[in-house]
file structure37.txt (compact mmCIF, C-alpha atoms)
# COMPACT_ATOMS: atom_id res chain seq x y z
CA ASN Z 1173 -79.11 -64.86 -23.63
CA ILE Z 1174 -82.18 -66.62 -22.30
CA GLY Z 1175 -85.52 -65.32 -23.49
CA PHE Z 1176 -88.38 -65.00 -21.06
CA GLY Z 1177 -92.08 -64.57 -21.79
CA SER Z 1178 -94.15 -62.47 -19.41
CA MET Z 1179 -97.93 -62.71 -19.63
CA ILE Z 1180 -99.31 -59.40 -18.40
CA SER Z 1181 -103.02 -58.95 -17.77
CA ALA Z 1182 -104.67 -55.75 -18.98
CA ASP Z 1183 -106.02 -54.97 -15.50
CA ARG Z 1184 -102.60 -55.26 -13.90
CA VAL Z 1185 -100.94 -52.98 -16.45
CA ILE Z 1186 -103.69 -50.38 -16.31
CA ALA Z 1187 -103.50 -50.38 -12.51
CA ALA Z 1188 -99.78 -49.68 -12.74
CA LEU Z 1189 -100.30 -46.66 -14.97
CA SER Z 1190 -101.23 -43.16 -13.95
CA PRO Z 1191 -104.50 -41.65 -15.27
CA ASP Z 1192 -102.50 -39.40 -17.60
CA SER Z 1193 -100.67 -42.26 -19.25
CA ALA Z 1194 -100.94 -43.21 -22.91
CA PRO Z 1195 -104.12 -45.11 -23.80
CA VAL Z 1196 -103.42 -48.78 -23.15
CA LYS Z 1197 -106.89 -50.15 -22.55
CA ARG Z 1198 -107.07 -51.02 -26.24
CA MET Z 1199 -105.29 -54.35 -25.89
CA VAL Z 1200 -105.67 -57.71 -27.61
CA SER Z 1201 -103.27 -60.67 -27.61
CA LYS Z 1202 -100.45 -61.49 -30.01
CA ALA Z 1203 -98.70 -58.16 -30.33
CA LYS Z 1204 -95.19 -58.47 -28.95
CA ALA Z 1205 -92.69 -56.04 -27.54
CA SER Z 1206 -89.08 -56.77 -26.63
CA CYS Z 1207 -87.10 -55.13 -23.90
CA ASP Z 1208 -83.42 -56.10 -23.60
CA ASP Z 1209 -83.42 -59.88 -23.10
CA VAL Z 1210 -87.04 -60.01 -21.96
CA GLU Z 1211 -89.91 -60.51 -24.36
CA PHE Z 1212 -93.35 -59.33 -23.26
CA CYS Z 1213 -96.68 -60.34 -24.71
CA ALA Z 1214 -98.80 -57.21 -24.91
CA VAL Z 1215 -102.31 -56.85 -26.25
CA ASP Z 1216 -103.12 -54.95 -29.47
CA ALA Z 1217 -101.04 -51.91 -28.59
CA THR Z 1218 -99.21 -49.46 -30.81
CA ARG Z 1219 -95.42 -49.53 -30.86
CA ALA Z 1220 -95.30 -46.59 -28.48
CA GLU Z 1221 -97.69 -48.33 -26.12
CA GLU Z 1222 -95.71 -51.56 -26.32
CA ALA Z 1223 -92.53 -49.71 -25.41
CA PHE Z 1224 -94.34 -48.04 -22.52
CA LEU Z 1225 -95.66 -51.34 -21.20
CA CYS Z 1226 -92.19 -52.78 -21.47
CA ASP Z 1227 -90.79 -49.93 -19.38
CA VAL Z 1228 -93.52 -50.38 -16.77
CA VAL Z 1229 -92.68 -54.04 -16.23
CA LYS Z 1230 -88.93 -53.49 -16.45
CA THR Z 1231 -89.11 -50.81 -13.77
CA ALA Z 1232 -91.20 -53.08 -11.57
CA ILE Z 1233 -88.71 -55.96 -11.68
CA GLU Z 1234 -85.38 -54.08 -11.70
CA SER Z 1235 -84.99 -54.13 -7.92
CA GLY Z 1236 -87.19 -57.15 -7.23
CA ALA Z 1237 -86.21 -60.67 -6.31
CA PHE Z 1238 -86.99 -63.54 -8.67
CA THR Z 1239 -88.52 -66.67 -7.18
CA VAL Z 1240 -88.65 -70.00 -8.95
CA LYS Z 1241 -92.28 -71.08 -8.92
CA GLU Z 1242 -92.21 -74.26 -10.98
CA ILE Z 1243 -89.77 -76.50 -12.84
CA ARG Z 1244 -91.11 -78.89 -15.47
CA ARG Z 1245 -89.01 -81.63 -17.02
CA THR Z 1246 -90.35 -83.49 -20.02
CA GLN Z 1247 -89.11 -85.62 -22.88
CA LYS Z 1248 -90.04 -84.92 -26.47
CA PRO Z 1249 -89.60 -87.58 -29.15
CA LYS Z 1250 -88.67 -86.61 -32.68
CA GLN Z 1251 -89.42 -88.94 -35.57
CA PRO Z 1252 -86.58 -89.61 -38.03
CA ALA Z 1253 -86.73 -87.81 -41.35
CA PRO Z 1254 -87.56 -89.83 -44.48
CA PRO Z 1255 -84.86 -90.79 -46.99
CA PHE Z 1256 -83.99 -88.29 -49.69
CA THR Z 1257 -85.88 -87.42 -52.82
CA THR Z 1258 -84.13 -85.35 -55.47
CA ALA Z 1259 -85.58 -82.13 -54.06
CA THR Z 1260 -84.73 -82.83 -50.42
CA LEU Z 1261 -81.23 -84.02 -51.33
CA GLN Z 1262 -80.59 -80.75 -53.15
CA GLN Z 1263 -81.90 -78.74 -50.21
CA GLU Z 1264 -79.85 -80.57 -47.57
CA ALA Z 1265 -76.65 -80.75 -49.61
CA SER Z 1266 -76.92 -77.04 -50.27
CA ARG Z 1267 -77.59 -76.23 -46.62
CA LYS Z 1268 -75.13 -78.61 -44.98
CA LEU Z 1269 -72.40 -78.97 -47.58
CA GLY Z 1270 -72.64 -75.67 -49.43
CA PHE Z 1271 -72.96 -77.41 -52.80
CA GLN Z 1272 -74.71 -75.78 -55.74
CA THR Z 1273 -77.48 -77.79 -57.43
CA GLN Z 1274 -75.41 -78.59 -60.53
CA ARG Z 1275 -72.53 -79.85 -58.38
CA ILE Z 1276 -74.87 -81.96 -56.24
CA MET Z 1277 -76.31 -83.75 -59.24
CA LYS Z 1278 -72.91 -84.23 -60.90
CA VAL Z 1279 -71.45 -85.88 -57.79
CA ALA Z 1280 -74.62 -87.93 -57.26
CA GLN Z 1281 -74.33 -89.14 -60.85
CA GLU Z 1282 -70.76 -90.28 -60.16
CA LEU Z 1283 -71.89 -92.19 -57.07
CA TYR Z 1284 -74.73 -93.78 -59.03
CA GLU Z 1285 -72.62 -94.83 -62.02
CA GLY Z 1286 -69.98 -96.45 -59.87
CA ILE Z 1287 -66.71 -95.94 -58.03
CA ASN Z 1288 -63.73 -98.29 -58.01
CA LEU Z 1289 -63.47 -99.32 -54.35
CA GLY Z 1290 -60.66 -101.80 -54.85
CA SER Z 1291 -60.80 -105.57 -54.83
CA ALA Z 1292 -61.32 -105.71 -51.06
CA ASN Z 1293 -64.64 -103.89 -51.42
CA GLY Z 1294 -65.93 -105.49 -54.61
CA GLY Z 1295 -64.24 -103.39 -57.28
CA VAL Z 1296 -66.43 -100.91 -59.14
CA GLN Z 1297 -69.65 -100.34 -57.22
CA GLY Z 1298 -72.63 -98.12 -57.80
CA LEU Z 1299 -73.00 -96.59 -54.36
CA ILE Z 1300 -76.48 -95.03 -54.50
CA THR Z 1301 -79.80 -95.70 -56.19
CA TYR Z 1302 -81.05 -93.47 -58.99
CA MET Z 1303 -80.84 -89.86 -57.90
CA ARG Z 1304 -83.81 -88.45 -59.82
CA THR Z 1305 -86.90 -89.48 -57.92
CA ASP Z 1306 -89.87 -88.05 -56.05
CA SER Z 1307 -90.56 -91.30 -54.20
CA LEU Z 1308 -90.08 -92.07 -50.50
CA ARG Z 1309 -90.50 -95.78 -51.13
CA LEU Z 1310 -87.83 -98.18 -49.89
CA SER Z 1311 -87.50 -101.82 -50.85
CA ASP Z 1312 -88.05 -104.48 -48.20
CA GLU Z 1313 -84.51 -105.73 -48.87
CA ALA Z 1314 -83.03 -102.29 -48.16
CA MET Z 1315 -85.03 -101.88 -44.94
CA ALA Z 1316 -84.08 -105.39 -43.80
CA ALA Z 1317 -80.41 -104.64 -44.44
CA ALA Z 1318 -80.70 -101.39 -42.47
CA ALA Z 1319 -82.41 -103.19 -39.58
CA SER Z 1320 -79.63 -105.76 -39.38
CA PHE Z 1321 -76.90 -103.11 -39.63
CA ILE Z 1322 -78.44 -100.93 -36.89
CA LYS Z 1323 -78.97 -103.79 -34.45
CA ASN Z 1324 -75.49 -105.20 -35.01
CA ARG Z 1325 -73.62 -101.91 -34.81
CA TYR Z 1326 -75.65 -99.83 -32.34
CA GLY Z 1327 -77.92 -102.26 -30.50
CA LYS Z 1328 -81.54 -103.31 -31.00
CA GLU Z 1329 -82.82 -100.42 -28.87
CA TYR Z 1330 -81.73 -98.03 -31.64
CA TYR Z 1331 -83.81 -99.79 -34.27
CA TYR Z 1332 -87.27 -98.43 -35.12
CA GLY Z 1333 -88.75 -101.84 -34.32
CA LYS Z 1334 -90.25 -102.52 -37.73
CA PHE Z 1335 -89.87 -101.42 -41.31
CA HIS Z 1336 -90.32 -97.65 -41.25
CA THR Z 1337 -92.21 -96.70 -44.38
CA PHE Z 1338 -93.03 -93.20 -45.59
CA LYS Z 1339 -95.91 -92.03 -47.72
CA THR Z 1340 -95.02 -90.53 -51.07
CA LYS Z 1341 -96.96 -87.41 -52.03
CA SER Z 1342 -99.95 -87.93 -54.26
CA GLY Z 1343 -99.05 -87.56 -57.93
CA ALA Z 1344 -95.31 -88.01 -57.37
CA GLN Z 1345 -93.34 -90.24 -59.73
CA ASP Z 1346 -92.81 -93.62 -58.05
CA ALA Z 1347 -90.81 -95.45 -60.70
CA HIS Z 1348 -87.68 -95.38 -58.54
CA GLU Z 1349 -87.04 -95.79 -54.83
CA ALA Z 1350 -85.98 -92.96 -52.59
CA ILE Z 1351 -82.28 -92.09 -52.82
CA ARG Z 1352 -80.36 -94.52 -50.63
CA PRO Z 1353 -77.05 -96.40 -50.51
CA THR Z 1354 -77.09 -99.58 -52.57
CA HIS Z 1355 -75.15 -101.45 -49.87
CA VAL Z 1356 -75.61 -100.07 -46.35
CA GLU Z 1357 -72.61 -102.07 -45.11
CA LEU Z 1358 -70.37 -99.83 -47.24
CA ASP Z 1359 -70.29 -97.11 -44.61
CA PRO Z 1360 -68.59 -93.84 -45.60
CA GLU Z 1361 -65.53 -94.31 -43.41
CA LYS Z 1362 -64.86 -97.78 -44.80
CA ILE Z 1363 -64.57 -96.52 -48.38
CA ARG Z 1364 -63.41 -92.97 -47.76
CA ASP Z 1365 -59.99 -93.49 -49.33
CA SER Z 1366 -61.64 -94.50 -52.61
CA LEU Z 1367 -63.74 -91.34 -52.87
CA THR Z 1368 -63.00 -87.73 -53.66
CA LYS Z 1369 -63.77 -85.24 -50.89
CA GLU Z 1370 -67.04 -84.22 -52.55
CA GLN Z 1371 -68.08 -87.82 -53.20
CA TYR Z 1372 -67.39 -88.74 -49.60
CA ARG Z 1373 -69.37 -85.84 -48.18
CA LEU Z 1374 -72.42 -86.41 -50.38
CA TYR Z 1375 -72.35 -90.17 -49.92
CA LYS Z 1376 -72.12 -89.76 -46.15
CA LEU Z 1377 -75.14 -87.44 -46.23
CA ILE Z 1378 -77.21 -89.96 -48.22
CA TRP Z 1379 -76.04 -92.97 -46.22
CA SER Z 1380 -76.69 -91.30 -42.87
CA ARG Z 1381 -80.14 -90.06 -43.85
CA PHE Z 1382 -81.20 -93.50 -45.02
CA LEU Z 1383 -79.89 -95.25 -41.94
CA ALA Z 1384 -81.48 -92.68 -39.62
CA SER Z 1385 -84.84 -93.19 -41.33
CA GLN Z 1386 -84.90 -96.74 -39.94
CA MET Z 1387 -83.73 -95.86 -36.43
CA ALA Z 1388 -85.73 -95.20 -33.28
CA SER Z 1389 -87.04 -91.71 -32.63
CA ALA Z 1390 -84.65 -89.26 -31.00
CA VAL Z 1391 -85.64 -88.25 -27.47
CA TYR Z 1392 -84.89 -84.73 -26.23
CA ASP Z 1393 -84.90 -83.72 -22.57
CA THR Z 1394 -86.58 -80.34 -22.08
CA VAL Z 1395 -86.76 -78.13 -19.00
CA SER Z 1396 -89.20 -75.26 -18.49
CA ILE Z 1397 -88.88 -72.91 -15.52
CA ASP Z 1398 -91.46 -70.39 -14.26
CA THR Z 1399 -90.13 -67.55 -12.13
CA GLU Z 1400 -92.04 -64.71 -10.49
CA CYS Z 1401 -91.03 -61.13 -9.73
CA ALA Z 1402 -93.26 -58.22 -8.73
CA GLY Z 1403 -96.34 -60.22 -9.61
CA HIS Z 1404 -95.15 -61.08 -13.11
CA ILE Z 1405 -94.55 -64.63 -14.27
CA PHE Z 1406 -91.60 -65.37 -16.56
CA ARG Z 1407 -91.06 -68.63 -18.39
CA SER Z 1408 -87.78 -69.92 -19.78
CA SER Z 1409 -87.15 -73.16 -21.58
call {"tool": "encode", "arguments": {"input": "structure37.txt", "output": "structure tokens"}}
result
Amino acid sequence: NIGFGSMISADRVIAALSPDSAPVKRMVSKAKASCDDVEFCAVDATRAEEAFLCDVVKTAIESGAFTVKEIRRTQKPKQPAPPFTTATLQQEASRKLGFQTQRIMKVAQELYEGINLGSANGGVQGLITYMRTDSLRLSDEAMAAAASFIKNRYGKEYYYGKFHTFKTKSGAQDAHEAIRPTHVELDPEKIRDSLTKEQYRLYKLIWSRFLASQMASAVYDTVSIDTECAGHIFRSS
């Protein structure tokens, strides 16, 4: 379903009501009433009054024709998220992977201590930096490696353009870097056969978040449409 917002002036609603109708002159913005798939912004009305207003507008538009008044197309950039701290890793791994906190930290410990990747990939390798940190700091070497990887694999237009640094919260422990892969060139698919399912999923989450933090902002195309019916303006986006 597509939600629409209808901005209804007090004068217009009052004019549509009979003198015997419920008191609706007492109206201020921000109260909301919903009617089927249409959401109406009413003004400081009781629930009964909101429902009544909803019925008034619904009745007015039921047999009316909708006319498109304006179409607006815009682009909205979205900055990449910072690399993980312990807290954000736990939140994301819980939300995306369904891992419990204890499991997250156990698997992260395994990735930190080292996994045997075979002679072709350097033998036993610690795959992530220390997983207990509040810092968003990244080393220049790590950011340089990410820049090279992004430009070589995806193209220079996908790179942020410079080292993308993030400010650590005041008072946070900064002894260790943010959680990141130790070698960005060890992408998850390349070493998947050497990892357990849980190790692979958590490593991929950490690797992807780090790499994304050094990439250009995502750009989203948005469309907003205003339509009119019976004197009411509806907006969908």
call {"tool": "atom_distance", "arguments": {"input": "structure37.txt", "atom1": "CA of Pro1254 in chain Z", "atom2": "CA of Val1296 in chain Z"}}
result
28.0 Å
call {"tool": "residues_around", "arguments": {"input": "structure37.txt", "residues": "range 1312-1324 of chain Z", "least_positions_apart": "2", "cutoff": "8 Å", "atoms": "all atoms listed in the file", "output": "PyMOL selection string"}}
result
chain Z and resi 1310+1326-1331+1335-1336+1354+1356-1357+1383+1386-1387
call {"tool": "residues_around", "arguments": {"input": "structure37.txt", "residues": "Cys1401 in chain Z", "least_positions_apart": "5", "cutoff": "12 Å", "atoms": "all atoms listed in the file", "output": "VMD selection string"}}
result
chain Z and resid 1178 1229 to 1241 1406 to 1407
call {"tool": "closest_residue", "arguments": {"input": "structure37.txt", "among": "Z:Thr1273, Z:Thr1337, Z:Thr1368, Z:Gln1263", "to": "Leu1289 in chain Z", "atoms": "only C-alpha atoms"}}
result
Z:Thr1368
call {"tool": "atom_distance", "arguments": {"input": "structure37.txt", "atom1": "CA of Leu1308 in chain Z", "atom2": "CA of Ala1350 in chain Z"}}
result
4.7 Å
call {"tool": "atom_distance", "arguments": {"input": "structure37.txt", "atom1": "CA of Ala1253 in chain Z", "atom2": "CA of Ser1385 in chain Z"}}
result
5.7 Å
call {"tool": "residues_near_point", "arguments": {"input": "structure37.txt", "point": "(-95.0, -92.9, -53.2)", "cutoff": "12 Å", "atoms": "only C-alpha atoms", "output": "PyMOL selection string"}}
result
chain Z and resi 1254+1257+1305-1311+1337-1350
call {"tool": "closest_residue", "arguments": {"input": "structure37.txt", "among": "Z:Ala1402, Z:Arg1304, Z:Leu1367, Z:Leu1299", "to": "Trp1379 in chain Z", "atoms": "only C-alpha atoms"}}
result
Z:Leu1299
call {"tool": "closest_residue", "arguments": {"input": "structure37.txt", "among": "Z:Gly1290, Z:Asp1393, Z:Gly1403, Z:Arg1352", "to": "Arg1364 in chain Z", "atoms": "only C-alpha atoms"}}
result
Z:Gly1290
call {"tool": "closest_residue", "arguments": {"input": "structure37.txt", "among": "Z:Lys1248, Z:Cys1226, Z:Phe1382, Z:Ile1287", "to": "Leu1261 in chain Z", "atoms": "all atoms listed in the file"}}
result
Z:Phe1382
call {"tool": "residues_near_point", "arguments": {"input": "structure37.txt", "point": "(-86.2, -77.6, -21.8)", "cutoff": "12 Å", "atoms": "all atoms listed in the file", "output": "mmCIF file with C-alpha atoms, in the coordinates of the input"}}
result
data_model
loop_
_atom_site.group_PDB
_atom_site.id
_atom_site.type_symbol
_atom_site.label_atom_id
_atom_site.label_comp_id
_atom_site.auth_asym_id
_atom_site.auth_seq_id
_atom_site.Cartn_x
_atom_site.Cartn_y
_atom_site.Cartn_z
ATOM 1 C CA ILE Z 1174 -82.180 -66.620 -22.300
ATOM 2 C CA ILE Z 1243 -89.770 -76.500 -12.840
ATOM 3 C CA ARG Z 1244 -91.110 -78.890 -15.470
ATOM 4 C CA ARG Z 1245 -89.010 -81.630 -17.020
ATOM 5 C CA THR Z 1246 -90.350 -83.490 -20.020
ATOM 6 C CA GLN Z 1247 -89.110 -85.620 -22.880
ATOM 7 C CA LYS Z 1248 -90.040 -84.920 -26.470
ATOM 8 C CA TYR Z 1392 -84.890 -84.730 -26.230
ATOM 9 C CA ASP Z 1393 -84.900 -83.720 -22.570
ATOM 10 C CA THR Z 1394 -86.580 -80.340 -22.080
ATOM 11 C CA VAL Z 1395 -86.760 -78.130 -19.000
ATOM 12 C CA SER Z 1396 -89.200 -75.260 -18.490
ATOM 13 C CA ILE Z 1397 -88.880 -72.910 -15.520
ATOM 14 C CA ASP Z 1398 -91.460 -70.390 -14.260
ATOM 15 C CA ARG Z 1407 -91.060 -68.630 -18.390
ATOM 16 C CA SER Z 1408 -87.780 -69.920 -19.780
ATOM 17 C CA SER Z 1409 -87.150 -73.160 -21.580
#
call {"tool": "closest_residue", "arguments": {"input": "structure37.txt", "among": "Z:Ser1366, Z:Gln1281, Z:Gln1272, Z:Ser1266", "to": "Gly1294 in chain Z", "atoms": "only C-alpha atoms"}}
result
Z:Ser1366
call {"tool": "residues_around", "arguments": {"input": "structure37.txt", "residues": "Glu1282 in chain Z", "least_positions_apart": "4", "cutoff": "9 Å", "atoms": "all atoms listed in the file", "output": "JSON, numbers by chain"}}
result
{"Z": [1277, 1278, 1286, 1287, 1298, 1299, 1371]}
call {"tool": "build_atoms", "arguments": {"input": "structure37.txt", "residues": "range 1346-1371 of chain Z", "atoms": "N, CA, C and O atoms", "output": "mmCIF file, keeping the file's coordinate frame"}}
result
data_model
loop_
_atom_site.group_PDB
_atom_site.id
_atom_site.type_symbol
_atom_site.label_atom_id
_atom_site.label_comp_id
_atom_site.auth_asym_id
_atom_site.auth_seq_id
_atom_site.Cartn_x
_atom_site.Cartn_y
_atom_site.Cartn_z
ATOM 1 N N ASP Z 1346 -93.217 -92.552 -58.968
ATOM 2 C CA ASP Z 1346 -92.810 -93.620 -58.050
ATOM 3 C C ASP Z 1346 -92.072 -94.743 -58.776
ATOM 4 O O ASP Z 1346 -92.027 -95.868 -58.313
ATOM 5 N N ALA Z 1347 -91.503 -94.414 -59.920
ATOM 6 C CA ALA Z 1347 -90.810 -95.450 -60.700
ATOM 7 C C ALA Z 1347 -89.542 -95.930 -60.005
ATOM 8 O O ALA Z 1347 -89.127 -97.074 -60.181
ATOM 9 N N HIS Z 1348 -88.920 -95.036 -59.227
ATOM 10 C CA HIS Z 1348 -87.680 -95.380 -58.540
ATOM 11 C C HIS Z 1348 -87.856 -95.218 -57.040
ATOM 12 O O HIS Z 1348 -88.701 -94.458 -56.577
ATOM 13 N N GLU Z 1349 -87.040 -95.936 -56.290
ATOM 14 C CA GLU Z 1349 -87.040 -95.790 -54.830
ATOM 15 C C GLU Z 1349 -86.533 -94.397 -54.434
ATOM 16 O O GLU Z 1349 -86.020 -93.640 -55.272
ATOM 17 N N ALA Z 1350 -86.649 -94.124 -53.144
ATOM 18 C CA ALA Z 1350 -85.980 -92.960 -52.590
ATOM 19 C C ALA Z 1350 -84.473 -93.127 -52.775
ATOM 20 O O ALA Z 1350 -83.971 -94.234 -53.024
ATOM 21 N N ILE Z 1351 -83.742 -92.037 -52.670
ATOM 22 C CA ILE Z 1351 -82.280 -92.090 -52.820
ATOM 23 C C ILE Z 1351 -81.686 -92.726 -51.564
ATOM 24 O O ILE Z 1351 -81.895 -92.236 -50.452
ATOM 25 N N ARG Z 1352 -80.947 -93.790 -51.760
ATOM 26 C CA ARG Z 1352 -80.360 -94.520 -50.630
ATOM 27 C C ARG Z 1352 -79.066 -95.186 -51.072
ATOM 28 O O ARG Z 1352 -78.805 -95.328 -52.278
ATOM 29 N N PRO Z 1353 -78.244 -95.623 -50.133
ATOM 30 C CA PRO Z 1353 -77.050 -96.400 -50.510
ATOM 31 C C PRO Z 1353 -77.483 -97.760 -51.047
ATOM 32 O O PRO Z 1353 -78.458 -98.347 -50.577
ATOM 33 N N THR Z 1354 -76.758 -98.262 -52.023
ATOM 34 C CA THR Z 1354 -77.090 -99.580 -52.570
ATOM 35 C C THR Z 1354 -76.684 -100.692 -51.607
ATOM 36 O O THR Z 1354 -77.329 -101.745 -51.568
ATOM 37 N N HIS Z 1355 -75.627 -100.461 -50.844
ATOM 38 C CA HIS Z 1355 -75.150 -101.450 -49.870
ATOM 39 C C HIS Z 1355 -74.857 -100.706 -48.565
ATOM 40 O O HIS Z 1355 -73.829 -100.035 -48.444
ATOM 41 N N VAL Z 1356 -75.749 -100.842 -47.585
ATOM 42 C CA VAL Z 1356 -75.610 -100.070 -46.350
ATOM 43 C C VAL Z 1356 -74.337 -100.442 -45.589
ATOM 44 O O VAL Z 1356 -73.786 -99.640 -44.832
ATOM 45 N N GLU Z 1357 -73.836 -101.653 -45.809
ATOM 46 C CA GLU Z 1357 -72.610 -102.070 -45.110
ATOM 47 C C GLU Z 1357 -71.371 -101.314 -45.597
ATOM 48 O O GLU Z 1357 -70.332 -101.319 -44.925
ATOM 49 N N LEU Z 1358 -71.480 -100.656 -46.759
ATOM 50 C CA LEU Z 1358 -70.370 -99.830 -47.240
ATOM 51 C C LEU Z 1358 -70.487 -98.444 -46.587
ATOM 52 O O LEU Z 1358 -70.884 -97.476 -47.204
ATOM 53 N N ASP Z 1359 -70.155 -98.397 -45.306
ATOM 54 C CA ASP Z 1359 -70.290 -97.110 -44.610
ATOM 55 C C ASP Z 1359 -69.229 -96.134 -45.099
ATOM 56 O O ASP Z 1359 -68.170 -96.545 -45.611
ATOM 57 N N PRO Z 1360 -69.480 -94.861 -45.002
ATOM 58 C CA PRO Z 1360 -68.590 -93.840 -45.600
ATOM 59 C C PRO Z 1360 -67.141 -93.943 -45.162
ATOM 60 O O PRO Z 1360 -66.225 -93.730 -45.967
ATOM 61 N N GLU Z 1361 -66.906 -94.253 -43.897
ATOM 62 C CA GLU Z 1361 -65.530 -94.310 -43.410
ATOM 63 C C GLU Z 1361 -64.775 -95.491 -44.004
ATOM 64 O O GLU Z 1361 -63.562 -95.414 -44.242
ATOM 65 N N LYS Z 1362 -65.481 -96.563 -44.256
ATOM 66 C CA LYS Z 1362 -64.860 -97.780 -44.800
ATOM 67 C C LYS Z 1362 -64.308 -97.561 -46.188
ATOM 68 O O LYS Z 1362 -63.288 -98.144 -46.567
ATOM 69 N N ILE Z 1363 -64.978 -96.714 -46.978
ATOM 70 C CA ILE Z 1363 -64.570 -96.520 -48.380
ATOM 71 C C ILE Z 1363 -64.053 -95.105 -48.648
ATOM 72 O O ILE Z 1363 -63.887 -94.718 -49.798
ATOM 73 N N ARG Z 1364 -63.782 -94.374 -47.604
ATOM 74 C CA ARG Z 1364 -63.410 -92.970 -47.760
ATOM 75 C C ARG Z 1364 -62.192 -92.780 -48.664
ATOM 76 O O ARG Z 1364 -62.142 -91.843 -49.481
ATOM 77 N N ASP Z 1365 -61.216 -93.646 -48.546
ATOM 78 C CA ASP Z 1365 -59.990 -93.490 -49.330
ATOM 79 C C ASP Z 1365 -60.217 -93.675 -50.824
ATOM 80 O O ASP Z 1365 -59.377 -93.270 -51.635
ATOM 81 N N SER Z 1366 -61.338 -94.272 -51.197
ATOM 82 C CA SER Z 1366 -61.640 -94.500 -52.610
ATOM 83 C C SER Z 1366 -62.457 -93.368 -53.224
ATOM 84 O O SER Z 1366 -62.711 -93.377 -54.433
ATOM 85 N N LEU Z 1367 -62.872 -92.412 -52.417
ATOM 86 C CA LEU Z 1367 -63.740 -91.340 -52.870
ATOM 87 C C LEU Z 1367 -63.022 -89.998 -52.866
ATOM 88 O O LEU Z 1367 -62.091 -89.777 -52.085
ATOM 89 N N THR Z 1368 -63.476 -89.109 -53.738
ATOM 90 C CA THR Z 1368 -63.000 -87.730 -53.660
ATOM 91 C C THR Z 1368 -63.663 -87.091 -52.428
ATOM 92 O O THR Z 1368 -64.618 -87.645 -51.851
ATOM 93 N N LYS Z 1369 -63.198 -85.924 -52.050
ATOM 94 C CA LYS Z 1369 -63.770 -85.240 -50.890
ATOM 95 C C LYS Z 1369 -65.258 -84.977 -51.080
ATOM 96 O O LYS Z 1369 -66.071 -85.190 -50.170
ATOM 97 N N GLU Z 1370 -65.634 -84.521 -52.280
ATOM 98 C CA GLU Z 1370 -67.040 -84.220 -52.550
ATOM 99 C C GLU Z 1370 -67.879 -85.489 -52.573
ATOM 100 O O GLU Z 1370 -69.006 -85.510 -52.065
ATOM 101 N N GLN Z 1371 -67.345 -86.550 -53.162
ATOM 102 C CA GLN Z 1371 -68.080 -87.820 -53.200
ATOM 103 C C GLN Z 1371 -68.300 -88.347 -51.786
ATOM 104 O O GLN Z 1371 -69.405 -88.804 -51.452
#
